[in-house]
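Visitor: Please find input.cif (mmCIF, C-alpha atoms and all ligand atoms) on the next line:
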```cif
data_run
#
loop_
_atom_site.label_atom_id
_atom_site.label_comp_id
_atom_site.auth_asym_id
_atom_site.auth_seq_id
_atom_site.Cartn_x
_atom_site.Cartn_y
_atom_site.Cartn_z
CA MET A 12 59.18 98.20 188.30
CA GLU A 13 58.54 98.35 184.55
CA ARG A 14 61.27 96.05 183.27
CA ALA A 15 60.67 95.64 179.54
CA VAL A 16 62.59 98.18 177.51
CA TYR A 17 62.45 96.18 174.27
CA ARG A 18 59.86 94.62 172.05
CA THR A 19 59.96 92.45 168.96
CA ALA A 20 58.82 93.72 165.55
CA GLY A 21 55.55 91.93 166.34
CA GLY A 22 55.11 94.09 169.45
CA MET A 23 55.91 91.45 172.05
CA PRO A 24 57.61 92.94 175.15
CA VAL A 25 61.00 91.47 175.98
CA THR A 26 62.32 91.82 179.53
CA ALA A 27 65.80 93.26 180.02
CA VAL A 28 67.88 91.67 182.79
CA THR A 29 70.89 92.69 184.84
CA ALA A 30 74.13 90.70 184.87
CA ASP A 31 73.19 89.20 188.27
CA GLU A 32 69.76 88.18 187.00
CA MET A 33 71.29 86.57 183.90
CA ARG A 34 73.79 84.73 186.11
CA GLU A 35 70.81 83.37 188.04
CA VAL A 36 69.11 82.35 184.78
CA ASP A 37 72.28 80.46 183.83
CA ARG A 38 72.52 78.87 187.27
CA VAL A 39 68.92 77.65 187.31
CA ALA A 40 69.19 76.46 183.70
CA THR A 41 72.26 74.37 184.48
CA GLU A 42 71.90 73.34 188.16
CA GLU A 43 68.12 72.91 188.46
CA VAL A 44 66.96 72.15 184.93
CA GLY A 45 70.00 70.29 183.62
CA LEU A 46 70.81 72.29 180.51
CA GLY A 47 74.54 72.10 179.78
CA LEU A 48 76.70 75.20 179.40
CA LEU A 49 78.12 73.74 176.19
CA GLN A 50 74.59 73.27 174.85
CA MET A 51 73.80 76.95 175.39
CA MET A 52 77.19 77.97 174.04
CA GLU A 53 76.63 75.90 170.91
CA ASN A 54 73.42 77.82 170.22
CA ALA A 55 75.20 81.10 170.96
CA GLY A 56 78.06 80.33 168.56
CA ARG A 57 75.82 79.00 165.82
CA ASN A 58 73.43 81.94 165.92
CA LEU A 59 76.29 84.41 166.08
CA ALA A 60 77.89 82.78 163.03
CA SER A 61 74.57 82.98 161.24
CA ALA A 62 74.36 86.74 161.98
CA VAL A 63 77.92 87.24 160.71
CA ARG A 64 77.22 85.29 157.54
CA ALA A 65 74.08 87.36 156.95
CA THR A 66 76.36 90.38 156.46
CA GLY A 67 77.94 88.62 153.45
CA ALA A 68 81.36 88.40 155.09
CA ASP A 69 83.92 86.13 153.38
CA GLY A 70 86.47 86.70 156.12
CA ALA A 71 86.24 87.20 159.88
CA VAL A 72 88.50 87.76 162.85
CA VAL A 73 87.15 86.48 166.16
CA LEU A 74 88.51 88.29 169.22
CA ALA A 75 87.99 85.99 172.21
CA GLY A 76 88.57 85.93 175.94
CA ASP A 77 88.63 83.03 178.38
CA GLY A 78 85.09 83.13 179.77
CA GLY A 79 81.67 82.16 178.46
CA ASN A 80 81.77 85.05 176.01
CA GLY A 81 85.08 83.88 174.52
CA GLY A 82 83.80 80.31 174.39
CA GLY A 83 80.79 81.46 172.35
CA GLY A 84 83.15 83.33 170.04
CA LEU A 85 85.29 80.22 169.54
CA ALA A 86 82.17 78.14 168.78
CA CYS A 87 81.20 80.83 166.25
CA ALA A 88 84.67 80.53 164.66
CA ARG A 89 84.05 76.81 164.16
CA HIS A 90 80.66 77.38 162.50
CA LEU A 91 82.12 80.07 160.23
CA ALA A 92 85.07 77.88 159.22
CA ASN A 93 82.68 75.00 158.55
CA ARG A 94 81.05 77.27 155.97
CA ASP A 95 84.32 78.29 154.33
CA VAL A 96 84.51 81.75 155.84
CA ALA A 97 88.22 82.57 156.26
CA VAL A 98 88.48 82.82 160.05
CA GLU A 99 91.30 83.79 162.35
CA VAL A 100 91.06 83.84 166.16
CA VAL A 101 92.93 86.33 168.34
CA LEU A 102 92.94 85.62 172.09
CA ASP A 103 93.63 87.82 175.11
CA ARG A 104 96.07 85.20 176.42
CA PRO A 105 98.15 82.27 175.15
CA PRO A 106 95.98 79.37 173.96
CA ALA A 107 97.53 77.12 176.62
CA ALA A 108 96.22 79.46 179.33
CA LEU A 109 92.56 78.96 178.34
CA ASP A 110 90.39 77.15 180.85
CA GLY A 111 87.03 75.36 181.02
CA ALA A 112 84.56 75.68 178.15
CA ALA A 113 86.76 78.14 176.23
CA ALA A 114 89.63 75.63 176.30
CA ARG A 115 87.26 72.95 175.04
CA GLN A 116 86.09 75.16 172.16
CA HIS A 117 89.70 76.09 171.36
CA ARG A 118 90.75 72.46 171.15
CA VAL A 119 88.27 71.92 168.32
CA VAL A 120 89.15 74.98 166.23
CA ASP A 121 92.84 74.18 166.71
CA ALA A 122 92.28 70.64 165.43
CA MET A 123 90.43 72.12 162.43
CA GLY A 124 93.49 74.18 161.51
CA VAL A 125 91.86 77.54 162.24
CA PRO A 126 94.70 79.99 162.97
CA VAL A 127 94.68 81.03 166.64
CA ARG A 128 97.13 83.47 168.19
CA GLU A 129 97.50 85.62 171.23
CA GLY A 130 96.98 89.38 170.74
CA PRO A 131 97.68 92.24 170.84
CA ALA A 132 96.35 92.84 167.36
CA GLY A 133 96.37 95.89 165.17
CA PRO A 134 93.01 96.81 163.67
CA PRO A 135 91.92 93.63 161.86
CA GLU A 136 91.81 93.81 158.06
CA THR A 137 88.87 91.60 157.22
CA ASP A 138 85.14 91.81 156.50
CA ALA A 139 83.78 91.14 159.98
CA VAL A 140 85.14 91.27 163.51
CA VAL A 141 83.46 89.19 166.18
CA ASP A 142 83.84 90.83 169.59
CA ALA A 143 83.75 87.95 172.07
CA VAL A 144 86.33 89.27 174.54
CA ILE A 145 84.14 89.91 177.61
CA GLY A 146 80.38 89.69 178.22
CA TYR A 147 78.43 90.18 181.43
CA GLY A 148 81.44 88.97 183.44
CA LEU A 149 83.26 92.32 183.10
CA SER A 150 84.87 93.54 186.30
CA GLY A 151 86.27 97.09 186.24
CA ALA A 152 88.07 98.75 183.35
CA VAL A 153 89.32 96.39 180.65
CA ARG A 154 92.98 95.56 181.30
CA GLY A 155 95.91 93.86 179.60
CA ILE A 156 95.71 92.30 176.16
CA ALA A 157 91.90 92.35 176.35
CA ARG A 158 92.24 96.13 176.36
CA ASP A 159 94.35 96.02 173.17
CA LEU A 160 91.71 93.84 171.51
CA VAL A 161 88.92 96.24 172.51
CA GLU A 162 90.91 99.21 171.20
CA ALA A 163 91.69 97.38 167.93
CA CYS A 164 87.94 97.27 167.24
CA GLY A 165 87.96 101.06 167.09
CA GLY A 166 90.46 101.22 164.24
CA THR A 167 89.05 98.65 161.86
CA ASP A 168 86.92 99.20 158.75
CA ALA A 169 85.36 95.77 159.29
CA ARG A 170 81.81 95.35 160.57
CA VAL A 171 82.08 94.67 164.31
CA VAL A 172 79.51 92.31 165.81
CA SER A 173 79.53 92.07 169.62
CA LEU A 174 78.43 88.95 171.45
CA ASP A 175 75.96 89.63 174.29
CA VAL A 176 77.24 93.14 175.10
CA PRO A 177 80.03 95.31 173.65
CA SER A 178 83.22 94.28 175.50
CA GLY A 179 84.07 96.87 178.15
CA LEU A 180 80.44 97.84 178.75
CA ASP A 181 78.90 97.04 182.14
CA ALA A 182 76.01 94.75 181.19
CA THR A 183 73.86 96.07 184.04
CA THR A 184 74.51 99.82 184.05
CA GLY A 185 75.72 100.46 180.51
CA GLU A 186 78.66 102.38 181.94
CA SER A 187 82.33 101.85 181.21
CA THR A 188 85.37 102.96 183.14
CA GLY A 189 87.79 102.10 180.33
CA PRO A 190 87.74 101.41 176.59
CA VAL A 191 84.59 99.88 175.17
CA VAL A 192 83.77 98.36 171.78
CA ASP A 193 81.48 100.44 169.55
CA PRO A 194 79.86 97.72 167.40
CA ALA A 195 77.68 97.80 164.29
CA GLU A 196 75.41 95.19 165.88
CA VAL A 197 74.97 93.36 169.18
CA ILE A 198 73.79 89.75 169.28
CA THR A 199 72.54 89.39 172.83
CA LEU A 200 71.78 85.99 174.34
CA ALA A 201 68.46 84.77 175.73
CA LEU A 202 67.29 88.17 177.05
CA PRO A 203 68.65 91.70 176.43
CA LYS A 204 70.81 93.12 179.20
CA THR A 205 69.75 96.35 180.95
CA GLY A 206 73.12 97.94 180.11
CA LEU A 207 72.32 97.83 176.38
CA ARG A 208 69.76 100.60 176.85
CA GLY A 209 72.08 103.36 175.65
CA VAL A 210 73.92 101.37 172.98
CA ASP A 211 73.59 103.13 169.66
CA CYS A 212 73.30 100.18 167.24
CA PRO A 213 70.83 97.43 166.36
CA VAL A 214 70.36 94.78 169.05
CA THR A 215 69.35 91.28 167.97
CA LEU A 216 68.18 88.61 170.40
CA ALA A 217 69.55 85.09 169.93
CA ASP A 218 67.83 81.96 171.21
CA ILE A 219 70.16 79.73 173.24
CA GLY A 220 67.47 77.23 174.13
CA ILE A 221 66.61 78.30 177.70
CA PRO A 222 63.15 76.91 178.52
CA ARG A 223 60.30 78.95 179.97
CA THR A 224 60.42 77.10 183.29
CA VAL A 225 63.76 78.76 184.09
CA TYR A 226 62.22 82.24 183.86
CA ARG A 227 59.13 81.14 185.78
CA ARG A 228 61.26 79.85 188.64
CA LEU A 229 62.92 83.27 188.85
CA ASP A 230 59.76 85.38 188.35
CA VAL A 231 61.23 86.95 185.23
CA PRO A 232 58.36 87.95 182.88
CA TYR A 233 58.82 85.94 179.69
CA ASP A 234 56.78 85.19 176.60
CA PRO A 235 58.85 83.16 174.11
CA PRO A 236 59.71 85.79 171.47
CA PHE A 237 61.34 83.54 168.88
CA ASP A 238 58.50 81.78 167.02
CA ASP A 239 60.17 80.22 163.94
CA ALA A 240 63.39 82.26 164.22
CA TYR A 241 66.57 81.87 166.25
CA LEU A 242 67.57 85.53 165.79
CA VAL A 243 65.00 88.26 166.48
CA PRO A 244 65.67 92.00 165.99
CA LEU A 245 64.66 94.09 169.01
CA GLU A 246 63.20 97.57 169.10
CA ARG A 247 63.54 99.89 172.07
CA THR A 248 60.23 100.85 173.61
CA GLY A 249 61.44 104.22 174.92
CA GLU A 250 60.37 102.93 178.31
N1 LIG B 301 73.43 81.05 179.34
C1 LIG B 301 74.15 82.06 178.95
O1 LIG B 301 73.79 83.20 179.18
C2 LIG B 301 75.40 81.82 178.24
C3 LIG B 301 76.31 82.81 178.25
N2 LIG B 301 77.34 82.80 177.43
C4 LIG B 301 78.26 83.92 177.46
O2 LIG B 301 79.01 83.92 178.64
C5 LIG B 301 79.13 85.24 179.13
C6 LIG B 301 79.34 85.18 180.60
O3 LIG B 301 80.44 84.30 180.84
P1 LIG B 301 81.42 84.51 182.07
O4 LIG B 301 80.65 84.61 183.31
O5 LIG B 301 82.46 83.46 181.95
O6 LIG B 301 82.04 85.94 181.85
P2 LIG B 301 82.64 86.69 180.56
O7 LIG B 301 83.07 85.75 179.51
O8 LIG B 301 81.69 87.76 180.22
O9 LIG B 301 83.91 87.41 181.20
C7 LIG B 301 84.90 86.68 181.93
C8 LIG B 301 86.23 86.88 181.26
O10 LIG B 301 86.50 88.27 181.18
C9 LIG B 301 87.73 88.57 181.80
N3 LIG B 301 87.60 89.90 182.39
C10 LIG B 301 86.65 90.36 183.24
N4 LIG B 301 86.87 91.64 183.54
C11 LIG B 301 87.99 92.02 182.85
C12 LIG B 301 88.72 93.23 182.77
N5 LIG B 301 88.35 94.33 183.43
N6 LIG B 301 89.83 93.27 181.97
C13 LIG B 301 90.21 92.16 181.30
N7 LIG B 301 89.57 90.98 181.35
C14 LIG B 301 88.47 90.91 182.13
C15 LIG B 301 87.93 87.46 182.82
O11 LIG B 301 89.30 87.28 183.08
C16 LIG B 301 87.36 86.27 182.10
O12 LIG B 301 88.31 85.72 181.20
C17 LIG B 301 77.88 85.94 178.68
O13 LIG B 301 78.06 87.32 178.50
C18 LIG B 301 77.57 85.26 177.37
O14 LIG B 301 78.15 85.95 176.30
C19 LIG B 301 77.54 81.78 176.41
O15 LIG B 301 78.73 81.13 176.67
C20 LIG B 301 76.42 80.80 176.30
C21 LIG B 301 75.65 80.56 177.53
K K B 302 81.44 90.92 173.95
#
```
Could you spell out this file's structure in structure tokens?
Guide:
Amino acid sequence: MERAVYRTAGGMPVTAVTADEMREVDRVATEEVGLGLLQMMENAGRNLASAVRATGADGAVVLAGDGGNGGGGLACARHLANRDVAVEVVLDRPPAALDGAAARQHRVVDAMGVPVREGPAGPPETDAVVDAVIGYGLSGAVRGIARDLVEACGGTDARVVSLDVPSGLDATTGESTGPVVDPAEVITLALPKTGLRGVDCPVTLADIGIPRTVYRRLDVPYDPPFDDAYLVPLERTGE
């Protein structure tokens, strides 16, 4: 199977992976190689914040869920606030209901005084919206307050930047059975997801520090595409 559907500006092919393959990459990285989830999430949040700042935004609203995607969004909120971007976080649940890494990230932004509230939100009035509601962990049509957050992205004039995949999009198939975010840019982590194939906006690859041995162990073709950068724009190859 010809797997690469992307290449870098320098012409290097970049393999696209399904949600299950990316889950395996995460599992091997953490369980076999010893990379911490919070380490990867820190890189995700930092690089996402860097992409948001590159748009010149003075203000940002981060829409976040409770999984790894939301945790990356909350880490991004911290990096933005550290650089005096006016940040607000809107969650798909009460802050006290967050769990795991997302709860850990929330504790820090809360201590910093970053405003955090539960949605639903109207269309955010700000410069940039970070869509970190759901990533490759989507199951079925987006429900509940997460659905309100996804729909709010459709009514805003702000530049919407999605983390990993647009929330509501199946990361493997690119299909959606409910509302889906239509972003201005996707910052996808480690490798592009096969479901991004039909997404009609620029896709940028962010380095989260996964070493080559992880891909080798899984037989995923991989040449490190980052060189001196942590964010690399991808071009579609047209298969
Ligand atoms: N190594 C990596 O690849 C890393 C991945 N990270 C991020 O973590 C994501 C994967 O994390 P998870 O596996 O926790 O999954 P996600 O964060 O993608 O999704 C899980 C969350 O979505 C909610 N959800 C799922 N389907 C829903 C629906 N239909 N309606 C409403 N809510 C729904 C779940 O309740 C849960 O809160 C990736 O997409 C990526 O963005 C980062 O945290 C950094 C590390
Ligand atoms: K997302």
Visitor: Write out as a list in words the residues lying within 12 Å of Asp239 (chain A), counting all atoms listed in the file and excluding same-chain residues fewer than 4 positions away.
Guide: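 Listed by chain and then number, they are Asp218, Pro235 and Val243 of chain A.
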Visitor: Using all atoms listed in the file, find each residue of chain A with at least one atom at most 8 Å away from an atom of ligand K 302 (chain B); report its shortest atom-to-atom pair and that distance in Å (one decimal), sort the rows by chain and rising residue number, and return the result as JSON lines.
Guide:
```
{"residue": "A:Asn80", "atom": "CA", "partner": "B:K302", "partner_atom": "K", "distance": 6.2}
{"residue": "A:Gly81", "atom": "CA", "partner": "B:K302", "partner_atom": "K", "distance": 7.9}
{"residue": "A:Asp142", "atom": "CA", "partner": "B:K302", "partner_atom": "K", "distance": 5.0}
{"residue": "A:Ala143", "atom": "CA", "partner": "B:K302", "partner_atom": "K", "distance": 4.2}
{"residue": "A:Val144", "atom": "CA", "partner": "B:K302", "partner_atom": "K", "distance": 5.2}
{"residue": "A:Ile145", "atom": "CA", "partner": "B:K302", "partner_atom": "K", "distance": 4.7}
{"residue": "A:Gly146", "atom": "CA", "partner": "B:K302", "partner_atom": "K", "distance": 4.6}
{"residue": "A:Ser173", "atom": "CA", "partner": "B:K302", "partner_atom": "K", "distance": 4.9}
{"residue": "A:Leu174", "atom": "CA", "partner": "B:K302", "partner_atom": "K", "distance": 4.4}
{"residue": "A:Asp175", "atom": "CA", "partner": "B:K302", "partner_atom": "K", "distance": 5.6}
{"residue": "A:Val176", "atom": "CA", "partner": "B:K302", "partner_atom": "K", "distance": 4.9}
{"residue": "A:Pro177", "atom": "CA", "partner": "B:K302", "partner_atom": "K", "distance": 4.6}
{"residue": "A:Ser178", "atom": "CA", "partner": "B:K302", "partner_atom": "K", "distance": 4.1}
{"residue": "A:Gly179", "atom": "CA", "partner": "B:K302", "partner_atom": "K", "distance": 7.7}
```
Visitor: Contacts between ligand LIG 301 (chain B) and chain A, please, where a residue of chain A counts if it comes within 6 Å (with all atoms listed in the file); show its shortest atom pair and distance in Å to one decimal, rows by chain and ascending number, as a tab-separated table.
Guide:
```
residue	atom	partner	partner_atom	distance
A:Asp37	CA	B:LIG301	N1	4.7
A:Leu48	CA	B:LIG301	C21	5.8
A:Met51	CA	B:LIG301	C21	4.6
A:Met52	CA	B:LIG301	C20	3.7
A:Ala55	CA	B:LIG301	C20	5.5
A:Gly76	CA	B:LIG301	O12	5.3
A:Asp77	CA	B:LIG301	O12	3.9
A:Gly78	CA	B:LIG301	O7	3.3
A:Gly79	CA	B:LIG301	O2	3.2
A:Asn80	CA	B:LIG301	O14	3.7
A:Gly81	CA	B:LIG301	O7	5.7
A:Gly82	CA	B:LIG301	O15	5.6
A:Gly83	CA	B:LIG301	O15	4.8
A:Ile145	CA	B:LIG301	O8	4.2
A:Gly146	CA	B:LIG301	O8	3.1
A:Tyr147	CA	B:LIG301	O13	4.1
A:Gly148	CA	B:LIG301	O8	3.4
A:Leu149	CA	B:LIG301	N4	3.7
A:Ser150	CA	B:LIG301	N4	3.9
A:Gly151	CA	B:LIG301	N5	4.5
A:Ala152	CA	B:LIG301	N5	4.4
A:Val153	CA	B:LIG301	N6	3.4
A:Arg154	CA	B:LIG301	N6	4.0
A:Ala157	CA	B:LIG301	C13	5.2
A:Leu174	CA	B:LIG301	O14	5.7
A:Asp175	CA	B:LIG301	O14	4.7
A:Leu200	CA	B:LIG301	O1	5.9
```
Visitor: How many Å lie between CA of Glu53 (chain A) and CA of His117 (chain A), rounded to one decimal?
Guide: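 Taking CA of Glu53 (chain A) and CA of His117 (chain A), their separation equals 13.1 Å.
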Visitor: So, with all atoms listed in the file as the atoms that count, which of A:Pro194, A:Gly22, A:Pro126, A:Gly84 lies closest to Ala114 (chain A)?
Guide: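 The closest residue to Ala114 (chain A) is A:Gly84.
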Visitor: Rounded to one decimal, what separation in Å do you get between CA of Pro203 (chain A) and CA of Ala65 (chain A)?
Guide: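 Computed distance, CA of Pro203 (chain A) to CA of Ala65 (chain A), equals 20.7 Å.
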Visitor: What does the distance from CA of Pro222 (chain A) to CA of Thr41 (chain A) come to in Å, to one decimal?
Guide: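 Between these atoms lies a distance of 11.2 Å.
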Visitor: With distances taken over only C-alpha atoms, which of A:Ala122, A:Ile221, A:Gly155, A:Val72 is nearest to Tyr233 (chain A)?
Guide: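 Nearest to Tyr233 (chain A): A:Ile221.
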Visitor: Got a sec: who's within 6 Å of region 181-187 of chain A, counting all atoms listed in the file, leaving out chain neighbours fewer than 2 positions off, as a CSV table (one decimal) with C-alpha atoms, in the frame of the given file?
Guide:
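around.csv, freshly written:
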```csv
chain,number,residue,atom,x,y,z
A,29,THR,CA,70.9,92.7,184.8
A,30,ALA,CA,74.1,90.7,184.9
A,147,TYR,CA,78.4,90.2,181.4
A,189,GLY,CA,87.8,102.1,180.3
A,204,LYS,CA,70.8,93.1,179.2
A,205,THR,CA,69.8,96.4,181.0
A,206,GLY,CA,73.1,97.9,180.1
A,207,LEU,CA,72.3,97.8,176.4
```
Visitor: Looking at all atoms listed in the file, which of A:Arg34, A:Arg170, A:His90, A:Arg128 is the one that sits closest to Gly67 (chain A)?
Guide: A:Arg170
Visitor: Given the choices A:Asp103, A:Asp110, A:Glu129, A:Asp168, which gets closest to Ile156 (chain A) if the distance is worked out from only C-alpha atoms?
Guide: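 Nearest candidate to Ile156 (chain A) out of A:Asp103, A:Asp110, A:Glu129, A:Asp168: A:Asp103.
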Visitor: Using only C-alpha atoms, find the one residue out of A:Ala201, A:Val127, A:Cys212, A:Gly220 that sits nearest to Met33 (chain A).
Guide: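 For Met33 (chain A), the nearest of the candidates is A:Ala201.
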Visitor: List the spatial neighbours of Gly166 (chain A) as a PyMOL selection string - criterion: any atom at most 9 Å away, only C-alpha atoms, same-chain residues fewer than 3 positions off excluded.
Guide: chain A and resi 133-135+162-163+169
Visitor: Measuring between all atoms listed in the file, which one of A:Val36, A:Leu102, A:Val73, A:Leu245 shows the shortest distance to Asp138 (chain A)?
Guide: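 Residue with the minimum atom-to-atom distance to Asp138 (chain A): A:Val73.
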Visitor: Within 9 Å of Val125 (chain A), counting only C-alpha atoms, which residues show up once you throw out same-chain ones fewer than 6 positions away? Write them as a list in words, please.
Guide: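 Everything that qualifies: Ala88, Arg89, Ala92, Ala97, Val98, Glu99 and Val100 of chain A.
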Visitor: Once you have the residues from the selection above, write them out as a JSON list (two decimals), in the coordinates of the input, restricted to C-alpha atoms.
Guide:
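The file below, result13.json, is the result:
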```
[["chain", "number", "residue", "atom", "x", "y", "z"],
["A", 88, "ALA", "CA", 84.67, 80.53, 164.66],
["A", 89, "ARG", "CA", 84.05, 76.81, 164.16],
["A", 92, "ALA", "CA", 85.07, 77.88, 159.22],
["A", 97, "ALA", "CA", 88.22, 82.57, 156.26],
["A", 98, "VAL", "CA", 88.48, 82.82, 160.05],
["A", 99, "GLU", "CA", 91.30, 83.79, 162.35],
["A", 100, "VAL", "CA", 91.06, 83.84, 166.16]]
```
